[in-house]
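As provided, model_38.cif (mmCIF, C-alpha atoms) reads as follows.
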```cif
data_coords
loop_
_atom_site.group_PDB
_atom_site.id
_atom_site.type_symbol
_atom_site.label_atom_id
_atom_site.label_comp_id
_atom_site.auth_asym_id
_atom_site.auth_seq_id
_atom_site.Cartn_x
_atom_site.Cartn_y
_atom_site.Cartn_z
ATOM 1 C CA MET A 1 20.659 -24.303 -5.719
ATOM 2 C CA SER A 2 17.632 -26.427 -4.946
ATOM 3 C CA LEU A 3 15.974 -26.582 -1.576
ATOM 4 C CA ASN A 4 15.519 -29.751 0.410
ATOM 5 C CA LEU A 5 12.074 -30.801 1.635
ATOM 6 C CA GLU A 6 12.382 -29.137 5.053
ATOM 7 C CA GLU A 7 13.479 -25.831 3.511
ATOM 8 C CA LYS A 8 10.545 -25.967 1.084
ATOM 9 C CA LYS A 9 8.133 -26.567 3.957
ATOM 10 C CA THR A 10 9.651 -23.612 5.809
ATOM 11 C CA VAL A 11 9.221 -21.335 2.781
ATOM 12 C CA VAL A 12 5.603 -22.428 2.278
ATOM 13 C CA ALA A 13 4.861 -21.889 5.974
ATOM 14 C CA GLU A 14 6.455 -18.421 5.892
ATOM 15 C CA VAL A 15 4.485 -17.350 2.822
ATOM 16 C CA SER A 16 1.278 -18.844 4.256
ATOM 17 C CA ALA A 17 1.788 -16.813 7.419
ATOM 18 C CA GLU A 18 2.105 -13.646 5.340
ATOM 19 C CA LEU A 19 -1.005 -14.562 3.348
ATOM 20 C CA ALA A 20 -3.041 -14.959 6.533
ATOM 21 C CA THR A 21 -3.002 -11.188 7.082
ATOM 22 C CA ALA A 22 -2.595 -10.087 3.457
ATOM 23 C CA GLN A 23 -5.096 -7.991 1.552
ATOM 24 C CA ALA A 24 -3.323 -8.163 -1.816
ATOM 25 C CA ILE A 25 -0.835 -10.179 -3.823
ATOM 26 C CA ILE A 26 0.814 -8.824 -6.932
ATOM 27 C CA ILE A 27 2.927 -10.993 -9.188
ATOM 28 C CA ALA A 28 5.413 -9.625 -11.675
ATOM 29 C CA GLU A 29 7.863 -11.093 -14.125
ATOM 30 C CA TYR A 30 11.423 -9.913 -13.586
ATOM 31 C CA ARG A 31 13.206 -11.618 -16.508
ATOM 32 C CA GLY A 32 16.414 -9.718 -17.367
ATOM 33 C CA LEU A 33 16.257 -7.306 -14.428
ATOM 34 C CA GLU A 34 19.617 -6.432 -12.912
ATOM 35 C CA VAL A 35 20.367 -7.340 -9.307
ATOM 36 C CA GLY A 36 20.901 -3.703 -8.298
ATOM 37 C CA HIS A 37 17.427 -2.746 -9.492
ATOM 38 C CA MET A 38 15.906 -5.702 -7.672
ATOM 39 C CA THR A 39 17.697 -4.639 -4.479
ATOM 40 C CA GLN A 40 16.222 -1.138 -4.815
ATOM 41 C CA LEU A 41 12.763 -2.626 -5.229
ATOM 42 C CA ARG A 42 13.211 -4.815 -2.159
ATOM 43 C CA ALA A 43 14.194 -1.757 -0.107
ATOM 44 C CA LYS A 44 11.159 0.239 -1.300
ATOM 45 C CA ALA A 45 8.881 -2.702 -0.587
ATOM 46 C CA ARG A 46 10.310 -3.144 2.913
ATOM 47 C CA GLN A 47 9.773 0.560 3.657
ATOM 48 C CA SER A 48 6.131 0.261 2.607
ATOM 49 C CA GLY A 49 5.498 -2.870 4.666
ATOM 50 C CA ILE A 50 5.296 -5.197 1.683
ATOM 51 C CA TYR A 51 6.573 -8.768 1.839
ATOM 52 C CA PHE A 52 8.480 -9.078 -1.447
ATOM 53 C CA ARG A 53 10.061 -12.329 -2.504
ATOM 54 C CA VAL A 54 11.053 -14.368 -5.529
ATOM 55 C CA LEU A 55 9.510 -17.815 -5.153
ATOM 56 C CA LYS A 56 9.251 -20.999 -7.107
ATOM 57 C CA ASN A 57 5.765 -21.124 -8.572
ATOM 58 C CA THR A 58 5.071 -24.587 -7.161
ATOM 59 C CA LEU A 59 5.820 -23.362 -3.644
ATOM 60 C CA ALA A 60 3.662 -20.281 -4.162
ATOM 61 C CA ARG A 61 0.784 -22.447 -5.425
ATOM 62 C CA ARG A 62 1.014 -24.580 -2.299
ATOM 63 C CA ALA A 63 1.015 -21.492 -0.101
ATOM 64 C CA ILE A 64 -2.136 -20.010 -1.687
ATOM 65 C CA THR A 65 -4.064 -23.280 -1.611
ATOM 66 C CA ASP A 66 -7.176 -22.930 0.550
ATOM 67 C CA THR A 67 -6.840 -19.138 0.772
ATOM 68 C CA PRO A 68 -8.962 -16.406 -0.854
ATOM 69 C CA PHE A 69 -6.124 -15.949 -3.387
ATOM 70 C CA THR A 70 -6.455 -19.399 -4.997
ATOM 71 C CA GLY A 71 -7.637 -17.936 -8.319
ATOM 72 C CA LEU A 72 -4.204 -16.445 -8.887
ATOM 73 C CA SER A 73 -2.588 -19.859 -9.484
ATOM 74 C CA ASP A 74 -3.505 -19.790 -13.203
ATOM 75 C CA HIS A 75 -1.209 -16.773 -13.701
ATOM 76 C CA MET A 76 1.845 -18.332 -12.041
ATOM 77 C CA VAL A 77 4.010 -19.075 -15.060
ATOM 78 C CA GLY A 78 7.606 -18.043 -15.593
ATOM 79 C CA PRO A 79 10.094 -16.340 -13.290
ATOM 80 C CA LEU A 80 7.903 -14.353 -10.906
ATOM 81 C CA ALA A 81 8.358 -12.074 -7.937
ATOM 82 C CA TYR A 82 5.569 -11.883 -5.384
ATOM 83 C CA GLY A 83 4.555 -8.746 -3.502
ATOM 84 C CA ILE A 84 2.248 -9.466 -0.569
ATOM 85 C CA GLY A 85 0.809 -6.557 1.376
ATOM 86 C CA LYS A 86 -1.668 -5.674 4.079
ATOM 87 C CA ASP A 87 -2.491 -2.442 2.243
ATOM 88 C CA PRO A 88 -3.502 -3.244 -1.346
ATOM 89 C CA VAL A 89 -2.950 0.310 -2.573
ATOM 90 C CA ALA A 90 0.562 0.526 -1.128
ATOM 91 C CA ALA A 91 1.556 -2.795 -2.702
ATOM 92 C CA ALA A 92 0.139 -1.749 -6.064
ATOM 93 C CA LYS A 93 1.821 1.671 -5.914
ATOM 94 C CA VAL A 94 5.289 0.396 -5.098
ATOM 95 C CA LEU A 95 5.326 -2.336 -7.731
ATOM 96 C CA TYR A 96 3.541 -0.290 -10.400
ATOM 97 C CA GLU A 97 5.857 2.708 -9.978
ATOM 98 C CA PHE A 98 8.866 0.414 -10.210
ATOM 99 C CA SER A 99 7.472 -1.235 -13.366
ATOM 100 C CA ARG A 100 7.036 2.177 -14.989
ATOM 101 C CA SER A 101 10.726 2.969 -14.551
ATOM 102 C CA ASN A 102 11.977 -0.546 -15.465
ATOM 103 C CA ASP A 103 10.778 -2.118 -18.696
ATOM 104 C CA LYS A 104 11.989 -5.583 -17.706
ATOM 105 C CA PHE A 105 9.766 -5.678 -14.615
ATOM 106 C CA VAL A 106 6.287 -6.516 -15.901
ATOM 107 C CA ILE A 107 3.261 -6.845 -13.654
ATOM 108 C CA LYS A 108 1.377 -9.964 -14.716
ATOM 109 C CA ALA A 109 -1.612 -10.103 -12.349
ATOM 110 C CA GLY A 110 -2.718 -9.550 -8.809
ATOM 111 C CA ALA A 111 -5.369 -10.581 -6.371
ATOM 112 C CA MET A 112 -7.352 -9.302 -3.480
ATOM 113 C CA PRO A 113 -9.393 -11.741 -1.404
ATOM 114 C CA ASN A 114 -11.665 -13.640 -3.841
ATOM 115 C CA LEU A 115 -10.821 -11.256 -6.715
ATOM 116 C CA VAL A 116 -8.185 -11.733 -9.423
ATOM 117 C CA MET A 117 -7.000 -8.522 -11.086
ATOM 118 C CA SER A 118 -5.313 -7.843 -14.400
ATOM 119 C CA SER A 119 -2.325 -5.544 -14.783
ATOM 120 C CA LYS A 120 -4.630 -2.687 -15.896
ATOM 121 C CA GLU A 121 -6.713 -3.072 -12.750
ATOM 122 C CA ILE A 122 -3.548 -2.973 -10.674
ATOM 123 C CA ALA A 123 -2.530 0.255 -12.439
ATOM 124 C CA SER A 124 -5.882 1.827 -11.539
ATOM 125 C CA LEU A 125 -5.529 0.563 -7.956
ATOM 126 C CA ALA A 126 -2.094 2.220 -7.800
ATOM 127 C CA ALA A 127 -3.691 5.536 -8.806
ATOM 128 C CA LEU A 128 -5.872 5.558 -5.680
ATOM 129 C CA PRO A 129 -4.732 7.467 -2.609
ATOM 130 C CA SER A 130 -3.081 5.317 0.032
ATOM 131 C CA ARG A 131 -4.722 4.350 3.305
ATOM 132 C CA ASP A 132 -2.744 6.986 5.211
ATOM 133 C CA GLU A 133 -3.791 9.707 2.748
ATOM 134 C CA LEU A 134 -7.439 8.688 3.042
ATOM 135 C CA LEU A 135 -7.244 8.674 6.834
ATOM 136 C CA SER A 136 -5.659 12.132 6.874
ATOM 137 C CA ARG A 137 -8.378 13.454 4.535
ATOM 138 C CA LEU A 138 -11.045 11.957 6.782
ATOM 139 C CA LEU A 139 -9.448 13.498 9.855
ATOM 140 C CA GLY A 140 -9.274 16.881 8.125
ATOM 141 C CA THR A 141 -12.935 16.612 7.185
ATOM 142 C CA MET A 142 -13.855 15.731 10.745
ATOM 143 C CA GLN A 143 -11.772 18.573 12.187
ATOM 144 C CA GLY A 144 -13.240 21.219 9.848
ATOM 145 C CA PRO A 145 -16.542 21.872 11.671
ATOM 146 C CA ILE A 146 -14.882 21.721 15.083
ATOM 147 C CA ALA A 147 -12.198 24.213 14.053
ATOM 148 C CA SER A 148 -14.862 26.587 12.658
ATOM 149 C CA PHE A 149 -16.831 26.334 15.892
ATOM 150 C CA VAL A 150 -13.747 27.125 17.976
ATOM 151 C CA ARG A 151 -12.932 30.132 15.775
ATOM 152 C CA THR A 152 -16.509 31.372 16.161
ATOM 153 C CA LEU A 153 -16.375 30.999 19.942
ATOM 154 C CA ASN A 154 -13.026 32.796 20.020
ATOM 155 C CA GLU A 155 -14.424 35.681 17.982
ATOM 156 C CA VAL A 156 -16.873 36.743 20.750
ATOM 157 C CA PRO A 157 -14.245 37.653 23.411
ATOM 158 C CA THR A 158 -11.981 39.099 20.703
ATOM 159 C CA ARG A 159 -14.684 41.530 19.567
ATOM 160 C CA PHE A 160 -15.438 42.410 23.173
ATOM 161 C CA VAL A 161 -11.777 43.250 23.840
ATOM 162 C CA ARG A 162 -11.575 45.314 20.636
ATOM 163 C CA GLY A 163 -14.688 47.199 21.651
ATOM 164 C CA LEU A 164 -13.228 47.945 25.086
ATOM 165 C CA ALA A 165 -9.973 49.089 23.497
ATOM 166 C CA ALA A 166 -11.906 51.405 21.169
ATOM 167 C CA VAL A 167 -13.870 52.906 24.093
ATOM 168 C CA HIS A 168 -10.620 53.351 26.051
ATOM 169 C CA ASP A 169 -8.941 55.105 23.104
ATOM 170 C CA GLN A 170 -12.006 57.309 22.611
ATOM 171 C CA LYS A 171 -12.061 58.418 26.275
ATOM 172 C CA ALA A 172 -8.300 58.976 26.294
ATOM 173 C CA ALA A 173 -8.576 61.289 23.303
#
```

Representation of the structure as structure tokens:
Amino acid sequence: MSLNLEEKKTVVAEVSAELATAQAIIIAEYRGLEVGHMTQLRAKARQSGIYFRVLKNTLARRAITDTPFTGLSDHMVGPLAYGIGKDPVAAAKVLYEFSRSNDKFVIKAGAMPNLVMSSKEIASLAALPSRDELLSRLLGTMQGPIASFVRTLNEVPTRFVRGLAAVHDQKAA
């Protein structure tokens, strides 16, 4: 069912709003994919904070005009699904993992601001740890010296108490 002009403008405005805060777009061809599989992918994308939508390529081209993702318009051919995310690694992981388990879902290209990526580059991006994992590693690294210092400070009164207990046991015997 085709959209009227107002509906098309609404779709372009919605996608443009998502692109304003996006750090990555990944496009994939979904030809022959069953509806149930697509529903599973939409649920995974929603959980990861990814805006996932099937769009007409002309509407998508209009939405990316005058954005840092303009270079992606050359790859917009065929039936495509668009994954737009604020975390490029999360978007790449969700779509790449889904493409590995479904042969009919093929990642065509992707883009980060002012950088167009091939499907191989998206696969390597998906292999990186996510933002949350990197933050937790950083926090662990920052906590390491502090935790060692606290253990060292705690060792002084502990040794003192053990020494007193040993003297007490020695005098009691």

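Comparing A:Leu55, A:Leu72, A:Ala45, A:Val12 by their smallest distance to Ser118 of chain A, the closest is A:Leu72 (using all atoms listed in the file).
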
Could you tell me which of A:Ser73, A:Ile84, A:Ala92, A:Ser136 comes closest to Leu59 of chain A if we count all atoms listed in the file? A:Ser73

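Selection result for the displayed file, with the PyMOL selection byres ((chain A and resi 33) around 9) as criterion, is A:Tyr30, A:Arg31, A:Gly32, A:Glu34, A:Val35, A:Gly36, A:His37, A:Met38, A:Asn102, A:Asp103, A:Lys104, A:Phe105.
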
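Distances to Ala123 of chain A were evaluated for A:Ala165, A:Leu41, A:Leu135, A:Ile26 using all atoms listed in the file, and the minimum falls at A:Ile26.
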
Which residue, A:Ile27, A:Ala126, A:Val89, A:Val167, has the smallest gap to Ala60 of chain A when you use only C-alpha atoms? A:Ile27

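Taking atom CA of Ile50 of chain A and atom CA of Asp87 of chain A as the two end points, the separation is 8.3 Å.
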
First collect every listed atom of segment 80-90 of chain A; then fit an axis-aligned box around them, widen it by 5 Å on each side, and give centre and edge lengths in Å to one decimal, as lines of an AutoDock Vina configuration file.
```
center_x = 2.4
center_y = -6.9
center_z = -3.4
size_x = 21.9
size_y = 24.9
size_z = 25.0
```

Go through A:Leu3, A:Ala43, A:Leu164, A:Ala109 and flag the residue nearest Gly71 of chain A, using all atoms listed in the file for the distances. A:Ala109

Expansion of the PyMOL selection byres ((chain A and resi 125) around 10) into residues, as a PyMOL selection string: chain A and resi 88-93+96+117+119-124+126-130

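Separating atom CA of Gly78 of chain A from atom CA of Arg61 of chain A is a distance of 13.0 Å.
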
Counting only C-alpha atoms, write as a ChimeraX atom specification all protein and nucleic acid residues lying at most 9 Å from (-4.2, -11.2, -1.6) in the file's frame. /A:19,21-26,67-69,72,84-86,88,110-116
